[in-house]
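Asks: Have a look at this one.
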Amino acid sequence: MNSLARQAHPFTAGTVTLALVALALVFPTAAETVVLYGVTIVIALLAGAGAGVRRGLVAVLPIWILLFILKCVLGDGPRMAAPWGGTLSQPGVEWALSQGSRLAVIATASLAFASIFDPHRFLQAAIARRWPFGAAFLLVATLDAADRLGEQAHQLREAQRTRGVRVTGSMATRVRAFPALMFPLLLASLTEADDRALALETRGLMIQGPRTAVDPPTDRVIDRVVRWLALTCVICVVIWRVRS
Amino acid sequence: MNHTLRISPRLFALVPAAVAINLVVGTIVKELSLPVFLDTVGTVLVAVLAGWRAGALVGTVSQLLLGLLTGYQYLPFVVIQWLLSLLASFAANRRGFTKLWRTVLWGIAAGACCGAVSSVISYYFFGGITGGGVSWVVTGLRSLGASQPMAVFVGSSSTDILDKGIVIVVVGFVLRSLPRRILGRFPMAARAVGK
């Protein structure tokens, strides 16, 4: 799928995400953060990152439930009537709305960004911009390592199950399965890292100087305009917050 | 204590592996439905192998990558990764991984420190509601009549003592079973296990 966000320069999506997170932290009241959550959802859907909205909802749903119980039902302060009977803490409801929507903005923005994040394009953009190669390499190498190790963990679990290790059942059974699944994985990854270090050294990872991006993403005028707009928006809100 | 962080090829290879360990061990624990996180094993391992700065780097990258999977609302907890890295490195310098009982004591101490800081972050950034298992402990304590700060402190401290304690004990086992070929390349780790 060639969505709007995937066509954009990798730094544009990152800047918009950071701007939304910053705004969520700066806005003080529930009304503002709830509106910002709506704006975040609209931006994510327009950019073709609907998966991020769904995953964001799944991430914050348990927090909303706990906020409701702890702050609205068990909270202190003056009480207000609940629509279904009984009472709720008034300051608790305001705090829960504000905190719940703030966390929802942060989760939705970051998960929407994750759903369209392309490590290869990011690395190319970072090299083209002369960012420190080490930082960009660490990010991409880590994503690669996480995928590889996840696959190893899966294979290891299947292998241990064929040897009779039970991964379901009582707590004691599951605790006993843990070392059998984890220790081989840890030792294998450390040994592999040792071999990989030699490979990185022989391929000139430590050589200083500028590198050439093979396929740098295009930084269009619209990308630059969006990034500057996002930055201006955050600066304006911070100034408004400081002055009010 | 090792105060300098030289990004060597070995560290470039070790950091992604350690971050992957953090993410994958966290996933294994979740699949086994164990009541802990154990998502700092890689951080502690690198802190003991290559110093606290390297461990803090692993913790930071882990937290940033975890944000891509679960959202960046938990980013303030990166401080716990830094603190744990510092404590693990300190324990390694004090030969805290030579015997099981020493490792257990260091694990409890590190867990208590992390729990105290975690409860402050949890209370001030999230009002004590982070959405994980700790929040259900806090809810239970609140319904029994405990004040919010007390419930958050007890909930965070008890879970962190268990979680970080197990992490340090696990790393101790791994260090003691590492082949000499690898251990020999990390003098700090060799000292930590008394070899």
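Just so we're on the same page: first chain in the structure tokens is A, next is B, and so on; residues restart at 1 for each chain, and ligands are numbered from 1 in the order they show up.
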Within 12 Å of Gly145 of chain B, counting only C-alpha atoms, which residues qualify if same-chain residues fewer than 5 places away don't, as a list of chain:residue names?

Replies: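 Contacts, with the query itself left out: A:Leu70, A:Leu74, A:Gly75, B:Val138, B:Thr139, B:Gly140, B:Met150, B:Ala151.
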
Asks: Within 12 Å of segment 27-45 of chain B, which residues of segment 65-84 of chain B come that close, and what is the closest atom pair and distance in Å for each? Count only C-alpha atoms and give it as JSON lines.

Replies:
{"residue": "B:Leu66", "atom": "CA", "partner": "B:Asp39", "partner_atom": "CA", "distance": 10.0}
{"residue": "B:Leu69", "atom": "CA", "partner": "B:Thr27", "partner_atom": "CA", "distance": 11.6}
{"residue": "B:Phe77", "atom": "CA", "partner": "B:Thr40", "partner_atom": "CA", "distance": 11.7}
{"residue": "B:Val78", "atom": "CA", "partner": "B:Thr40", "partner_atom": "CA", "distance": 10.6}
{"residue": "B:Ile80", "atom": "CA", "partner": "B:Thr40", "partner_atom": "CA", "distance": 9.5}
{"residue": "B:Gln81", "atom": "CA", "partner": "B:Thr43", "partner_atom": "CA", "distance": 7.0}
{"residue": "B:Trp82", "atom": "CA", "partner": "B:Thr43", "partner_atom": "CA", "distance": 8.7}
{"residue": "B:Leu83", "atom": "CA", "partner": "B:Val44", "partner_atom": "CA", "distance": 10.2}
{"residue": "B:Leu84", "atom": "CA", "partner": "B:Val44", "partner_atom": "CA", "distance": 6.9}

Asks: Counting only C-alpha atoms, which residues of chain A sit at most 8 Å from some atom of chain B, and what is each one's closest atom pair with its distance in Å to one decimal, listed by chain and rising residue number, as CSV?

Replies:
residue,atom,partner,partner_atom,distance
A:Gly56,CA,B:Gly71,CA,7.2
A:Ala59,CA,B:Thr70,CA,6.5
A:Val60,CA,B:Gly131,CA,7.6
A:Pro62,CA,B:Gly131,CA,5.4
A:Ile63,CA,B:Gly131,CA,4.4
A:Leu66,CA,B:Ile129,CA,6.6
A:Leu67,CA,B:Ile129,CA,6.6
A:Ile69,CA,B:Thr139,CA,7.8
A:Leu70,CA,B:Thr139,CA,6.4
A:Leu74,CA,B:Ser143,CA,7.5
A:Gln99,CA,B:Phe126,CA,7.5
A:Leu103,CA,B:Gln73,CA,6.0
A:Ile106,CA,B:Gln73,CA,5.8
A:Ala107,CA,B:Gly71,CA,4.2
A:Thr108,CA,B:Gly71,CA,7.0
A:Ala109,CA,B:Gly71,CA,7.9
A:Ser110,CA,B:Gly71,CA,5.2
A:Leu111,CA,B:Gly71,CA,5.5
A:Phe113,CA,B:Leu68,CA,7.7
A:Ala114,CA,B:Leu68,CA,5.0
A:Leu138,CA,B:Pro16,CA,6.5
A:Leu139,CA,B:Val61,CA,7.5
A:Ala141,CA,B:Pro16,CA,6.0
A:Thr142,CA,B:Pro16,CA,4.1
A:Leu143,CA,B:Pro16,CA,7.8
A:Ala145,CA,B:Ala20,CA,5.8
A:Ala146,CA,B:Ala20,CA,4.3
A:Asp147,CA,B:Ala20,CA,8.0
A:Leu149,CA,B:Ala20,CA,6.5
A:Gly150,CA,B:Val24,CA,5.8
A:Ala153,CA,B:Val24,CA,7.4
A:Val167,CA,B:Leu32,CA,6.4
A:Thr168,CA,B:Leu32,CA,6.9
A:Met171,CA,B:Leu34,CA,7.4
A:Arg174,CA,B:Leu32,CA,5.9
A:Val175,CA,B:Leu34,CA,7.4
A:Phe178,CA,B:Val29,CA,7.6
A:Leu181,CA,B:Ile28,CA,7.9
A:Met182,CA,B:Val25,CA,7.0
A:Phe183,CA,B:Val174,CA,7.0
A:Leu186,CA,B:Ile21,CA,7.0
A:Leu187,CA,B:Leu178,CA,7.1
A:Ser189,CA,B:Ala17,CA,6.3
A:Leu190,CA,B:Ala17,CA,7.2
A:Thr191,CA,B:Ile182,CA,7.4
A:Ala193,CA,B:Ala13,CA,5.1
A:Asp194,CA,B:Arg10,CA,6.6
A:Arg196,CA,B:Ala13,CA,5.9
A:Ala197,CA,B:Arg10,CA,4.6
A:Leu198,CA,B:Pro9,CA,7.3
A:Leu200,CA,B:Pro9,CA,6.2
A:Glu201,CA,B:Pro9,CA,5.8
A:Leu205,CA,B:Pro9,CA,7.3
A:Met206,CA,B:Pro9,CA,7.1

Asks: Can you list, as an MDAnalysis selection string, every residue of segment 15-139 of chain B that DSSP puts in helix (DSSP H, G or I)?

Replies: chainID B and resid 15:31 41:50 52:70 72:93 100:126 133:139

Asks: Mind giving me the straight-line distance from atom CA of Pro10 of chain A to atom CA of Gly59 of chain B in Å, one decimal?

Replies: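 Distance reported for this atom pair: 24.1 Å.
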
Asks: Determine, counting only C-alpha atoms, which protein, DNA and RNA residues have an atom within 9 Å of an atom of segment 104-106 of chain B; residues of the same chain fewer than 5 positions away are not included. Present the result as a PDB file with C-alpha atoms, in the first residue's frame.

Replies:
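File produced: selection.pdb:
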ATOM      1  CA  LEU B  87      23.657  -0.748  39.825  1.00  0.00           C
ATOM      2  CA  ALA B  88      24.509  -3.883  37.826  1.00  0.00           C
ATOM      3  CA  ALA B  91      27.659  -4.998  41.534  1.00  0.00           C
ATOM      4  CA  GLY B  96      28.641  -9.456  43.023  1.00  0.00           C
ATOM      5  CA  PHE B  97      28.198 -12.335  40.566  1.00  0.00           C
ATOM      6  CA  LYS B  99      28.214 -16.695  44.247  1.00  0.00           C
ATOM      7  CA  GLY B 111      15.058  -4.152  42.780  1.00  0.00           C
ATOM      8  CA  GLY B 165      15.998  -9.596  41.384  1.00  0.00           C
ATOM      9  CA  ILE B 166      15.253 -12.416  38.930  1.00  0.00           C
ATOM     10  CA  ILE B 168      20.184 -10.120  38.046  1.00  0.00           C
ATOM     11  CA  VAL B 169      20.136 -13.772  39.135  1.00  0.00           C
TER      12      VAL B 169
END

Asks: Suppose you want the space between atom CA of Ser101 of chain A and atom CA of Ser3 of chain A; what is it in Å?

Replies: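 These two atoms are separated by 26.2 Å.
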
Asks: Please provide the set of residues having any atom within 6 Å of Leu49 of chain B, restricted to only C-alpha atoms, with same-chain residues fewer than 3 positions apart removed, written as a VMD selection string.

Replies: chain B and resid 46 186 189

Asks: Please produce a file of the residues just selected, as an mmCIF file, in the first residue's frame, where the atoms kept are N, CA and C atoms.

Replies:
data_model
loop_
_atom_site.group_PDB
_atom_site.id
_atom_site.type_symbol
_atom_site.label_atom_id
_atom_site.label_comp_id
_atom_site.auth_asym_id
_atom_site.auth_seq_id
_atom_site.Cartn_x
_atom_site.Cartn_y
_atom_site.Cartn_z
ATOM 1 N N VAL B 46 24.770 -6.362 29.347
ATOM 2 C CA VAL B 46 25.750 -5.461 28.715
ATOM 3 C C VAL B 46 26.397 -4.550 29.755
ATOM 4 N N PHE B 186 35.905 -9.703 27.947
ATOM 5 C CA PHE B 186 35.224 -8.714 28.786
ATOM 6 C C PHE B 186 35.796 -8.793 30.203
ATOM 7 N N ALA B 189 33.440 -8.434 33.213
ATOM 8 C CA ALA B 189 32.571 -9.592 33.479
ATOM 9 C C ALA B 189 33.370 -10.710 34.138
#

Asks: Hey, what's within 7 Å of segment 220-236 of chain A if we count only C-alpha atoms and toss same-chain stuff fewer than 3 positions away? As number ranges by chain, please?

Replies: A: 8-9, 12, 15-16, 19, 22-23, 239-240

Asks: For the residues in the current selection, export C-alpha atoms as a short mmCIF file (atom, residue, chain, number, x, y, z; two decimals), in the first residue's frame.

Replies:
data_model
loop_
_atom_site.label_atom_id
_atom_site.label_comp_id
_atom_site.auth_asym_id
_atom_site.auth_seq_id
_atom_site.Cartn_x
_atom_site.Cartn_y
_atom_site.Cartn_z
CA ALA A 8 6.50 11.19 2.62
CA HIS A 9 10.12 11.70 3.65
CA THR A 12 8.26 14.15 8.10
CA THR A 15 8.42 15.24 13.10
CA VAL A 16 4.61 15.14 13.05
CA ALA A 19 4.89 17.42 17.51
CA ALA A 22 4.80 17.51 22.55
CA LEU A 23 1.33 19.08 22.19
CA ILE A 239 4.30 30.34 24.10
CA TRP A 240 0.52 30.40 24.73
#

Asks: Quick one: pick out all strand (DSSP E or B) residues within segment 9-242 of chain A from a backbone DSSP run and write them as a PyMOL selection string.

Replies: chain A and resi 79-81+87-89

Asks: Give me the residues near Leu4 of chain A as a ChimeraX atom specification, where near means some atom within 9 Å (using only C-alpha atoms) and where sequence neighbours in that chain fewer than 4 positions away do not count.

Replies: /A:8,46-49

Asks: Would you mind exporting the chosen residues as an mmCIF file, in the first residue's frame, restricted to N, CA and C atoms?

Replies:
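In the end it all went to result24.cif:
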data_model
loop_
_atom_site.group_PDB
_atom_site.id
_atom_site.type_symbol
_atom_site.label_atom_id
_atom_site.label_comp_id
_atom_site.auth_asym_id
_atom_site.auth_seq_id
_atom_site.Cartn_x
_atom_site.Cartn_y
_atom_site.Cartn_z
ATOM 1 N N ALA A 8 5.833 10.045 1.984
ATOM 2 C CA ALA A 8 6.498 11.185 2.618
ATOM 3 C C ALA A 8 7.936 10.844 2.996
ATOM 4 N N LEU A 46 -5.878 9.803 7.621
ATOM 5 C CA LEU A 46 -5.596 10.458 6.336
ATOM 6 C C LEU A 46 -4.248 10.009 5.768
ATOM 7 N N ALA A 47 -3.294 9.781 6.682
ATOM 8 C CA ALA A 47 -1.947 9.386 6.239
ATOM 9 C C ALA A 47 -1.862 7.899 5.898
ATOM 10 N N GLY A 48 -2.951 7.170 6.127
ATOM 11 C CA GLY A 48 -2.947 5.732 5.814
ATOM 12 C C GLY A 48 -2.321 4.884 6.903
ATOM 13 N N ALA A 49 -2.383 5.385 8.157
ATOM 14 C CA ALA A 49 -1.811 4.629 9.278
ATOM 15 C C ALA A 49 -2.925 4.194 10.242
#

Asks: Between atom CA of Gly209 of chain A and atom CA of Glu192 of chain A, what distance in Å does the model show, to one decimal?

Replies: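 For atom CA of Gly209 of chain A relative to atom CA of Glu192 of chain A, the distance reads 28.0 Å.
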
Asks: Which residue, B:Tyr124, B:Thr103, B:Arg53, B:Leu75, has the smallest gap to Ser89 of chain B when you use only C-alpha atoms?

Replies: B:Arg53
